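> Here you go, final_17.csv (CSV, C-alpha atoms and all ligand atoms):
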chain,number,residue,atom,x,y,z
Z,1,MET,CA,16.3,-27.8,-3.3
Z,2,LYS,CA,17.2,-24.2,-2.6
Z,3,HIS,CA,20.5,-22.3,-2.5
Z,4,ILE,CA,21.7,-20.0,0.3
Z,5,GLY,CA,25.1,-18.6,-0.6
Z,6,THR,CA,27.3,-21.6,-1.5
Z,7,PHE,CA,25.0,-24.0,0.3
Z,8,ALA,CA,22.5,-26.3,-1.2
Z,9,ILE,CA,19.6,-27.3,1.1
Z,10,TRP,CA,17.7,-30.4,0.2
Z,11,TYR,CA,15.9,-33.3,1.7
Z,12,ASP,CA,17.8,-36.5,1.7
Z,13,THR,CA,15.3,-39.4,1.7
Z,14,ALA,CA,18.0,-41.9,2.5
Z,15,VAL,CA,18.8,-40.4,5.9
Z,16,PRO,CA,16.0,-39.2,6.1
Z,17,GLY,CA,16.4,-35.5,6.9
Z,18,TRP,CA,17.3,-32.1,5.6
Z,19,VAL,CA,20.9,-31.4,4.7
Z,20,ALA,CA,22.9,-28.2,4.2
Z,21,VAL,CA,25.9,-28.9,2.0
Z,22,ASN,CA,28.6,-27.0,0.2
Z,23,GLU,CA,32.1,-27.9,-1.0
Z,24,LYS,CA,33.6,-27.8,2.5
Z,25,GLN,CA,30.8,-28.7,4.9
Z,26,GLN,CA,27.8,-31.0,5.2
Z,27,GLN,CA,25.4,-30.8,8.1
Z,28,GLY,CA,22.4,-33.0,8.6
Z,29,PHE,CA,19.1,-31.9,10.3
Z,30,GLY,CA,15.8,-33.5,11.2
Z,31,THR,CA,12.7,-34.0,9.1
Z,32,GLY,CA,9.7,-31.9,8.4
Z,33,ALA,CA,9.4,-28.1,8.5
Z,34,LYS,CA,11.6,-27.9,11.6
Z,35,GLY,CA,14.5,-29.7,9.9
Z,36,GLU,CA,14.2,-27.4,6.8
Z,37,ARG,CA,14.1,-24.3,9.0
Z,38,GLU,CA,17.2,-25.4,10.9
Z,39,ALA,CA,19.1,-26.3,7.7
Z,40,THR,CA,18.2,-22.9,6.3
Z,41,ARG,CA,19.3,-21.0,9.4
Z,42,TYR,CA,22.5,-23.0,9.6
Z,43,ALA,CA,23.3,-22.0,6.0
Z,44,LEU,CA,22.4,-18.4,6.6
Z,45,HIS,CA,24.6,-18.3,9.7
Z,46,GLU,CA,27.6,-19.8,7.9
Z,47,ALA,CA,27.2,-17.8,4.6
Z,48,PHE,CA,25.8,-14.5,5.8
Z,49,PRO,CA,26.7,-14.0,9.5
Z,50,GLN,CA,25.9,-10.3,9.3
Z,51,VAL,CA,22.3,-11.0,8.2
Z,52,THR,CA,21.9,-13.6,10.9
Z,53,THR,CA,23.1,-11.1,13.5
Z,54,ALA,CA,20.6,-8.5,12.4
Z,55,VAL,CA,17.7,-11.0,12.3
Z,56,ASP,CA,18.7,-12.5,15.7
Z,57,HIS,CA,18.7,-9.0,17.2
Z,58,LEU,CA,15.3,-8.1,15.7
Z,59,CYS,CA,13.8,-11.4,16.9
Z,60,THR,CA,15.2,-10.9,20.4
Z,61,GLN,CA,13.4,-7.6,20.6
Z,62,HIS,CA,10.3,-8.8,18.7
Z,63,PRO,CA,9.8,-12.5,19.0
Z,64,GLU,CA,6.5,-12.3,17.2
Z,65,ALA,CA,8.5,-11.2,14.0
Z,66,THR,CA,10.5,-14.4,14.0
Z,67,SER,CA,9.0,-16.3,11.1
Z,68,ARG,CA,8.7,-13.3,8.8
Z,69,ALA,CA,12.2,-12.0,9.7
Z,70,TRP,CA,13.9,-15.3,8.7
Z,71,ALA,CA,11.8,-15.4,5.5
Z,72,ALA,CA,12.9,-11.8,4.9
Z,73,ALA,CA,16.6,-12.9,5.3
Z,74,GLU,CA,16.1,-15.6,2.7
Z,75,LEU,CA,14.6,-13.1,0.3
Z,76,LEU,CA,17.5,-10.8,0.8
Z,77,VAL,CA,20.3,-13.2,0.3
Z,78,MET,CA,18.6,-14.8,-2.7
Z,79,GLY,CA,18.7,-11.4,-4.4
Z,80,HIS,CA,14.9,-11.0,-4.4
Z,81,VAL,CA,14.9,-7.4,-3.2
Z,82,LEU,CA,14.8,-5.4,-6.4
Z,83,ASN,CA,15.4,-1.8,-7.3
Z,84,PRO,CA,12.2,0.2,-7.8
Z,85,ASP,CA,10.8,1.1,-11.2
Z,86,PRO,CA,12.3,4.6,-11.8
Z,87,VAL,CA,9.2,5.9,-13.5
Z,88,GLU,CA,7.0,4.9,-10.5
Z,89,PRO,CA,7.5,7.7,-8.1
Z,90,ASP,CA,5.7,6.1,-5.1
Z,91,GLU,CA,7.5,2.8,-5.5
Z,92,VAL,CA,10.3,2.3,-2.9
Z,93,VAL,CA,11.4,-1.2,-3.8
Z,94,ARG,CA,10.0,-4.4,-5.3
Z,95,VAL,CA,10.4,-7.9,-3.8
Z,96,ARG,CA,10.2,-11.0,-5.8
Z,97,SER,CA,8.2,-13.8,-4.3
Z,98,GLN,CA,9.8,-17.1,-3.5
Z,99,ARG,CA,6.7,-19.0,-4.2
Z,100,ARG,CA,5.3,-17.2,-7.2
Z,101,ALA,CA,6.6,-18.1,-10.7
Z,102,ALA,CA,9.4,-15.9,-11.9
Z,103,SER,CA,7.1,-14.7,-14.7
Z,104,ASN,CA,4.7,-13.1,-12.2
Z,105,HIS,CA,5.1,-9.5,-11.1
Z,106,PRO,CA,7.0,-8.9,-7.9
Z,107,TYR,CA,5.3,-7.4,-4.9
Z,108,ARG,CA,5.6,-3.6,-4.7
Z,109,LEU,CA,6.4,-1.5,-1.6
Z,110,LEU,CA,4.6,1.8,-2.1
Z,111,ARG,CA,5.0,5.1,-0.2
Z,112,GLN,CA,1.6,6.1,1.2
Z,113,PRO,CA,0.4,9.7,1.6
Z,114,ASP,CA,1.0,9.5,5.3
Z,115,GLY,CA,4.6,8.5,4.8
Z,116,THR,CA,4.3,4.8,5.7
Z,117,LEU,CA,5.0,2.0,3.3
Z,118,ALA,CA,2.4,-0.5,2.0
Z,119,CYS,CA,3.0,-3.8,0.4
Z,120,ASP,CA,0.6,-5.4,-2.1
Z,121,CYS,CA,1.1,-8.9,-0.8
Z,122,PRO,CA,-1.8,-10.8,0.8
Z,123,ASP,CA,-0.2,-10.9,4.3
Z,124,PHE,CA,0.1,-7.1,4.4
Z,125,GLN,CA,-3.4,-6.6,2.9
Z,126,ARG,CA,-4.8,-8.8,5.7
Z,127,GLY,CA,-3.2,-6.5,8.3
Z,128,GLY,CA,0.4,-7.9,8.4
Z,129,LEU,CA,2.3,-7.7,11.6
Z,130,ALA,CA,2.2,-4.7,14.0
Z,131,LEU,CA,5.2,-4.4,16.3
Z,132,THR,CA,5.3,-2.2,19.4
Z,133,GLY,CA,8.3,-0.1,20.1
Z,134,GLU,CA,10.1,2.8,18.5
Z,135,ALA,CA,11.7,1.2,15.4
Z,136,PHE,CA,8.5,0.4,13.5
Z,137,VAL,CA,6.0,2.8,15.0
Z,138,ASN,CA,2.8,3.1,12.8
Z,139,GLN,CA,4.4,0.8,10.2
Z,140,LEU,CA,2.7,-2.6,9.6
Z,141,LEU,CA,5.1,-5.3,8.4
Z,142,CYS,CA,5.2,-8.3,6.2
Z,143,LYS,CA,8.3,-10.4,5.2
Z,144,HIS,CA,8.8,-8.1,2.1
Z,145,LEU,CA,8.9,-5.0,4.2
Z,146,LEU,CA,11.3,-6.7,6.6
Z,147,ALA,CA,13.5,-7.7,3.7
Z,148,TYR,CA,13.6,-4.1,2.7
Z,149,TRP,CA,14.4,-3.1,6.3
Z,150,LEU,CA,17.2,-5.6,6.4
Z,151,ALA,CA,18.6,-4.2,3.0
Z,152,CYS,CA,18.6,-0.7,4.5
Z,153,HIS,CA,20.0,-1.8,7.8
Z,154,LEU,CA,22.9,-3.7,6.2
Z,155,ALA,CA,23.4,-1.4,3.2
Z,156,TRP,CA,22.7,-4.4,1.1
Z,157,PRO,CA,22.7,-3.7,-2.6
Z,158,LEU,CA,19.3,-4.0,-4.3
Z,159,THR,CA,19.2,-6.4,-7.2
Z,160,LYS,CA,19.2,-4.4,-10.4
Z,161,GLU,CA,16.4,-5.7,-12.6
Z,162,THR,CA,15.0,-3.9,-15.6
Z,163,PRO,CA,11.3,-3.5,-15.2
Z,164,ALA,CA,8.9,-4.3,-18.0
Z,165,PRO,CA,9.6,-2.2,-21.1
Z,166,LEU,CA,8.6,1.4,-20.6
Z,167,HIS,CA,6.1,3.3,-22.7
Z,168,PRO,CA,8.2,5.4,-25.0
Z,169,LYS,CA,6.7,8.7,-23.7
Z,170,ARG,CA,7.1,7.7,-20.1
Z,171,SER,CA,10.7,6.6,-20.5
Z,172,HIS,CA,11.7,10.2,-21.1
Z,173,ALA,CA,9.6,11.7,-18.3
Z,174,GLY,CA,11.1,9.9,-15.4
Z,175,ARG,CA,10.5,11.9,-12.3
Z,176,PHE,CA,14.0,11.7,-10.9
Z,177,ARG,CA,15.8,12.0,-14.2
Z,178,GLY,CA,18.3,14.8,-14.1
Z,179,ARG,CA,16.1,17.1,-12.1
Z,180,ALA,CA,17.9,19.8,-10.2
Z,181,VAL,CA,16.5,20.5,-6.8
Z,182,THR,CA,17.3,23.0,-4.1
Z,183,ALA,CA,19.0,21.7,-1.0
Z,184,VAL,CA,19.6,23.4,2.3
Z,185,GLY,CA,23.3,23.2,3.1
Z,186,GLN,CA,24.9,23.2,6.5
Z,187,ASN,CA,25.2,27.0,6.4
Z,188,ASN,CA,21.5,27.3,5.6
Z,189,LEU,CA,22.5,28.6,2.1
Z,190,HIS,CA,20.4,27.3,-0.7
Z,191,GLN,CA,22.5,25.5,-3.3
Z,192,LEU,CA,21.5,23.6,-6.3
Z,193,VAL,CA,22.3,19.9,-6.3
Z,194,SER,CA,21.5,17.7,-9.2
Z,195,SER,CA,20.1,14.3,-8.5
Z,196,GLN,CA,22.8,13.0,-11.0
Z,197,ALA,CA,25.7,14.7,-9.2
Z,198,ALA,CA,27.9,12.8,-6.8
Z,199,ALA,CA,25.5,12.0,-4.0
Z,200,GLN,CA,26.4,13.5,-0.6
Z,201,TYR,CA,24.4,14.0,2.6
Z,202,GLY,CA,23.9,17.4,4.2
Z,203,ASN,CA,26.6,16.5,6.7
Z,204,GLY,CA,29.2,15.8,4.0
Z,205,GLN,CA,29.1,12.0,4.2
Z,206,PRO,CA,29.0,10.3,0.7
Z,207,VAL,CA,26.0,8.2,-0.1
Z,208,LEU,CA,26.7,4.5,-0.5
Z,209,PRO,CA,25.7,3.1,-3.8
Z,210,ALA,CA,23.1,0.8,-2.1
Z,211,HIS,CA,21.3,3.9,-0.7
Z,212,LEU,CA,21.3,6.0,-3.9
Z,213,THR,CA,17.7,5.0,-4.9
Z,214,HIS,CA,16.4,6.0,-1.5
Z,215,TYR,CA,18.5,9.2,-1.6
Z,216,GLN,CA,17.0,10.2,-5.0
Z,217,ALA,CA,13.5,9.4,-3.8
Z,218,TYR,CA,14.0,11.5,-0.7
Z,219,ILE,CA,15.1,14.5,-2.8
Z,220,ALA,CA,12.2,14.1,-5.2
Z,221,TYR,CA,9.8,13.8,-2.3
Z,222,THR,CA,11.1,16.5,0.1
Z,223,GLN,CA,12.9,18.8,-2.3
Z,224,GLN,CA,16.0,18.7,-0.2
Z,225,ARG,CA,18.8,16.3,0.5
Z,226,PRO,CA,18.8,14.2,3.7
Z,227,PHE,CA,21.1,15.4,6.4
Z,228,SER,CA,22.6,12.0,7.2
Z,229,GLN,CA,22.4,8.3,6.3
Z,230,GLU,CA,20.5,7.7,9.5
Z,231,LYS,CA,17.9,10.3,8.6
Z,232,LEU,CA,17.5,8.9,5.1
Z,233,LEU,CA,17.0,5.3,6.4
Z,234,SER,CA,14.6,6.5,9.0
Z,235,TRP,CA,12.6,8.3,6.3
Z,236,SER,CA,12.7,5.3,3.9
Z,237,LEU,CA,11.1,3.2,6.6
Z,238,GLY,CA,8.3,5.5,7.1
Z,239,ARG,CA,9.2,7.2,10.3
V,301,ZN,ZN,4.6,-8.0,1.6
Please rewrite the model in this file as structure tokens.
Ligand SMILES: [Zn+2]

Amino acid sequence: MKHIGTFAIWYDTAVPGWVAVNEKQQQGFGTGAKGEREATRYALHEAFPQVTTAVDHLCTQHPEATSRAWAAAELLVMGHVLNPDPVEPDEVVRVRSQRRAASNHPYRLLRQPDGTLACDCPDFQRGGLALTGEAFVNQLLCKHLLAYWLACHLAWPLTKETPAPLHPKRSHAGRFRGRAVTAVGQNNLHQLVSSQAAAQYGNGQPVLPAHLTHYQAYIAYTQQRPFSQEKLLSWSLGR
């Protein structure tokens, strides 16, 4: 049994077949992996239509991403996309595995020197998925990276999870903690912005809470604030 929003998805041996059920609806599907897939996508569509729309759009453009993209959608709506460890400057996000036991460490998405992201999951380590086209140029993908992409695309809040207890010395030396950096404003005047101050893009747009982590990472990495949300999300995806 798994849960997608208000839906429970389980295999009914009496039918037999997969069932997606909540308080108001019950829908039956076939057996096997196909039935499970259809039940899951039905629940995603009913409970999280915006996620389904984004995944549908991605799969239309890149049919080869289909299985990883739907797996990514499940990771996202189940709250498995976690905020990064604030004392790990290269860590962009962590993604909890569906299969691994909860006690195991989540997979980590790490910023590489060339600006791309790498995941430490077996799929990515084996080469992952390479898509052609502008959106993911030079960026290999796995379901964890796609889950992060969906989170950025939909401004989905990352799940706040406290990482393993910090070493006392490191806990006071967080790279982003209260550091003031110089940002180039619209008039090309240098002004001090604190990473703790109300976050705002160069174009004056406020930063959504879901994007704050990326925003602070951007400032720490480039020493200036991003001009717009679009610029920030492009950067966070390694373009
Ligand atoms: Zn991965």
> How far is it from CA of Gln229 (chain Z) to CA of Leu76 (chain Z), in Å with one decimal?
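Between CA of Gln229 (chain Z) and CA of Leu76 (chain Z) the gap works out to 20.5 Å.
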> Between CA of Lys143 (chain Z) and CA of Thr66 (chain Z), what is the distance, to one decimal in Å?
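Here the two named atoms are 9.9 Å from each other.
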> At most 12 Å is the cut-off: for each residue in chain Z with any atom that close to an atom of ligand ZN 301 (chain V), write down the nearest atom pair and the distance in Å rounded to one decimal, counting only C-alpha atoms and all ligand atoms, chain first then increasing number, as CSV.

residue,atom,partner,partner_atom,distance
Z:Arg68,CA,V:ZN301,ZN,9.8
Z:Ala69,CA,V:ZN301,ZN,11.8
Z:Ala71,CA,V:ZN301,ZN,11.0
Z:Ala72,CA,V:ZN301,ZN,9.7
Z:Leu75,CA,V:ZN301,ZN,11.3
Z:Val81,CA,V:ZN301,ZN,11.4
Z:Val93,CA,V:ZN301,ZN,11.0
Z:Arg94,CA,V:ZN301,ZN,9.5
Z:Val95,CA,V:ZN301,ZN,7.9
Z:Arg96,CA,V:ZN301,ZN,9.8
Z:Ser97,CA,V:ZN301,ZN,9.0
Z:Gln98,CA,V:ZN301,ZN,11.7
Z:Pro106,CA,V:ZN301,ZN,9.8
Z:Tyr107,CA,V:ZN301,ZN,6.6
Z:Arg108,CA,V:ZN301,ZN,7.7
Z:Leu109,CA,V:ZN301,ZN,7.5
Z:Leu110,CA,V:ZN301,ZN,10.5
Z:Leu117,CA,V:ZN301,ZN,10.2
Z:Ala118,CA,V:ZN301,ZN,7.8
Z:Cys119,CA,V:ZN301,ZN,4.7
Z:Asp120,CA,V:ZN301,ZN,6.0
Z:Cys121,CA,V:ZN301,ZN,4.3
Z:Pro122,CA,V:ZN301,ZN,7.0
Z:Asp123,CA,V:ZN301,ZN,6.2
Z:Phe124,CA,V:ZN301,ZN,5.4
Z:Gln125,CA,V:ZN301,ZN,8.2
Z:Arg126,CA,V:ZN301,ZN,10.3
Z:Gly127,CA,V:ZN301,ZN,10.4
Z:Gly128,CA,V:ZN301,ZN,8.0
Z:Leu129,CA,V:ZN301,ZN,10.3
Z:Leu140,CA,V:ZN301,ZN,9.8
Z:Leu141,CA,V:ZN301,ZN,7.3
Z:Cys142,CA,V:ZN301,ZN,4.6
Z:Lys143,CA,V:ZN301,ZN,5.7
Z:His144,CA,V:ZN301,ZN,4.2
Z:Leu145,CA,V:ZN301,ZN,5.9
Z:Leu146,CA,V:ZN301,ZN,8.5
Z:Ala147,CA,V:ZN301,ZN,9.1
Z:Tyr148,CA,V:ZN301,ZN,9.9
Z:Trp149,CA,V:ZN301,ZN,11.9
> I want to know what sits within 10 Å of Arg37 (chain Z), based on only C-alpha atoms, with residues of the same chain fewer than 5 positions away left out; could you give that as JSON, numbers by chain?
{"Z": [18, 29, 30, 31, 32, 42, 43, 67, 70, 71]}
> Please measure the separation of CA of Ala199 (chain Z) and CA of Leu212 (chain Z), giving the value in Å to one decimal.
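Computing the Euclidean distance for CA of Ala199 (chain Z) and CA of Leu212 (chain Z) yields 7.3 Å.
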> Z:Ser236, Z:Glu230, Z:Gln224, Z:Pro113: which is nearest Val207 (chain Z), counting only C-alpha atoms?
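Closest residue, counting only C-alpha atoms: Z:Glu230.
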> Skip Lys160 (chain Z) itself and residues of its chain fewer than 6 positions away, then list as a PyMOL selection string all residues within 9 Å of it, counting only C-alpha atoms.
chain Z and resi 81-84
> Which one is closest to Glu91 (chain Z): Z:Ala73, Z:Gln27, Z:Lys34, Z:Thr116? Count all atoms listed in the file.
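Nearest to Glu91 (chain Z): Z:Thr116.
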> Please list as a list in words every residue within 10 Å of Leu131 (chain Z), counting all atoms listed in the file and excluding residues in the same chain fewer than 5 positions away.
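These residues fall inside the cut-off: Gln61, His62, Pro63, Glu64, Ala65, Phe136, Val137, Asn138, Gln139, Leu140 and Leu141 of chain Z.
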> So that I can check the surroundings of Val77 (chain Z), please list as a list in words every protein, DNA and RNA residue that reaches within 10 Å of it, counting only C-alpha atoms and ignoring chain neighbours fewer than 2 positions away.
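Contacts, with the query itself left out: His3, Ile4, Gly5, Leu44, Ala47, Phe48, Val51, Ala72, Ala73, Glu74, Leu75, Gly79, His80, Val81, Ala147, Ala151 and Trp156 of chain Z.
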> Using all atoms listed in the file, can you tell me which of Z:Val55, Z:Ala210, Z:Met78, Z:Val15 comes closest to Lys2 (chain Z)?
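Among the listed residues, Z:Met78 lies closest to Lys2 (chain Z).
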> I'd like to know which of Z:Tyr215, Z:Leu208, Z:Gln50, Z:Asn203 is closest to Ser228 (chain Z), using only C-alpha atoms.
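Among the listed residues, the smallest separation from Ser228 (chain Z) belongs to Z:Asn203.
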> Which residues are near region 225-227 of chain Z? Cut-off 7 Å, all atoms listed in the file, ignore same chain within fewer than 3 positions. Put them as an NGL selection string.
:Z and (183 or 201-203 or 218-219 or 231-232)
